[in-house]
Amino acid sequence: DGPVVEVGGAVSRIVGRTALQSAQASAPRLKAAARALVDYDSATATLEELRTVQRELSQTVLELGSENEVLRKEVALWQAVEDVSSMYKLEELKEMARYGGLKGYSSEGKNALLRRLVREGMIKLDLSPYY
């Protein structure tokens with residue numbers, strides 16, 4: 001895992017929306033690129049080459065779908081934590097982290113620690129209303 005950048009409030013919603021819009025915008029561009037490739041190369045392309053391109057594009061679409069799902073869950077987590085963080089005190093969260101054996105949490109802010117505890121399964125949070 002790389003460094004974690006803390007973004008909160010309205011900024012987190014903007015970042016989340018932008019990430020989702022970018023990922024959703026990628027699929028039509030891929031399809032258009034595939035059509036352009038097929039149109040451009042249709043006179044010389046063999047059936048096998050077209051099948052190879054189709055497999056590669058299908059794999060790319062699957063990968064983008066997976067990335068979209070990860071982004072949706074991450075945005076949902078940020079939104080859910082923002083909504084429920086007032087129910088927790090930082091010291092309570094640190095105590096849960098200590099009890100759960102987490103390392104490196106002492107410098108984390110309340111929302112960051114809450115997200116980490118949810119990711120680690122130490123706090124159950126229903127994300128379904130957020131995506």
# chains A, B, ... in the order shown; residues from 1 in each chain; ligands from 1
$ residues_around --residues "A:Lys89" --least-positions-apart "6" --cutoff "12 Å" --atoms "only C-alpha atoms" --output "list in words"
Glu95, Met96, Gly109, Lys110, Asn111, Leu113 and Leu114 of chain A
$ write_last_selection --atoms "C-alpha atoms" --output "PDB file, in the first residue's frame"
ATOM      1  CA  GLU A  95      -8.638   1.779  22.032  1.00  0.00           C
ATOM      2  CA  MET A  96     -10.318  -0.478  19.442  1.00  0.00           C
ATOM      3  CA  GLY A 109      -7.007  11.295  12.355  1.00  0.00           C
ATOM      4  CA  LYS A 110     -10.426  10.162  13.504  1.00  0.00           C
ATOM      5  CA  ASN A 111     -11.953   9.562  10.048  1.00  0.00           C
ATOM      6  CA  LEU A 113      -8.700   5.549  11.724  1.00  0.00           C
ATOM      7  CA  LEU A 114     -12.420   4.834  11.446  1.00  0.00           C
TER       8      LEU A 114
END
$ closest_residue --among "A:Arg35, A:Arg17, A:Arg72, A:Arg51" --to "A:Tyr131" --atoms "only C-alpha atoms"
A:Arg72
$ atom_distance --atom1 "atom CA of A:Ala25" --atom2 "atom CA of A:Glu67"
12.7 Å
$ atom_distance --atom1 "atom CA of A:Gly16" --atom2 "atom CA of A:Glu82"
13.2 Å
$ closest_residue --among "A:Leu93, A:Val53, A:Leu127, A:Ala33" --to "A:Trp78" --atoms "only C-alpha atoms"
A:Leu127
$ closest_residue --among "A:Leu64, A:Ile14, A:Leu102, A:Ala32" --to "A:Arg116" --atoms "only C-alpha atoms"
A:Leu102
$ select_by_dssp --residues "stretch 24-126 of chain A" --states "helix (DSSP H, G or I)" --output "NGL selection string"
:A and (24-41 or 47-87 or 90-100 or 110-119)
$ residues_around --residues "A:Val118" --least-positions-apart "2" --cutoff "12 Å" --atoms "only C-alpha atoms" --output "list in words"
Lys73, Glu74, Ala76, Leu77, Trp78, Ala80, Val81, Val84, Ser85, Leu93, Met96, Ala97, Gly100, Asn111, Ala112, Leu113, Leu114, Arg115, Arg116, Glu120, Gly121, Met122, Ile123, Lys124, Leu125, Asp126 and Leu127 of chain A
$ closest_residue --among "A:Ser86, A:Val61, A:Asn68, A:Gln54" --to "A:Ser22" --atoms "only C-alpha atoms"
A:Asn68
$ atom_distance --atom1 "atom CA of A:Thr60" --atom2 "atom CA of A:Val75"
22.2 Å
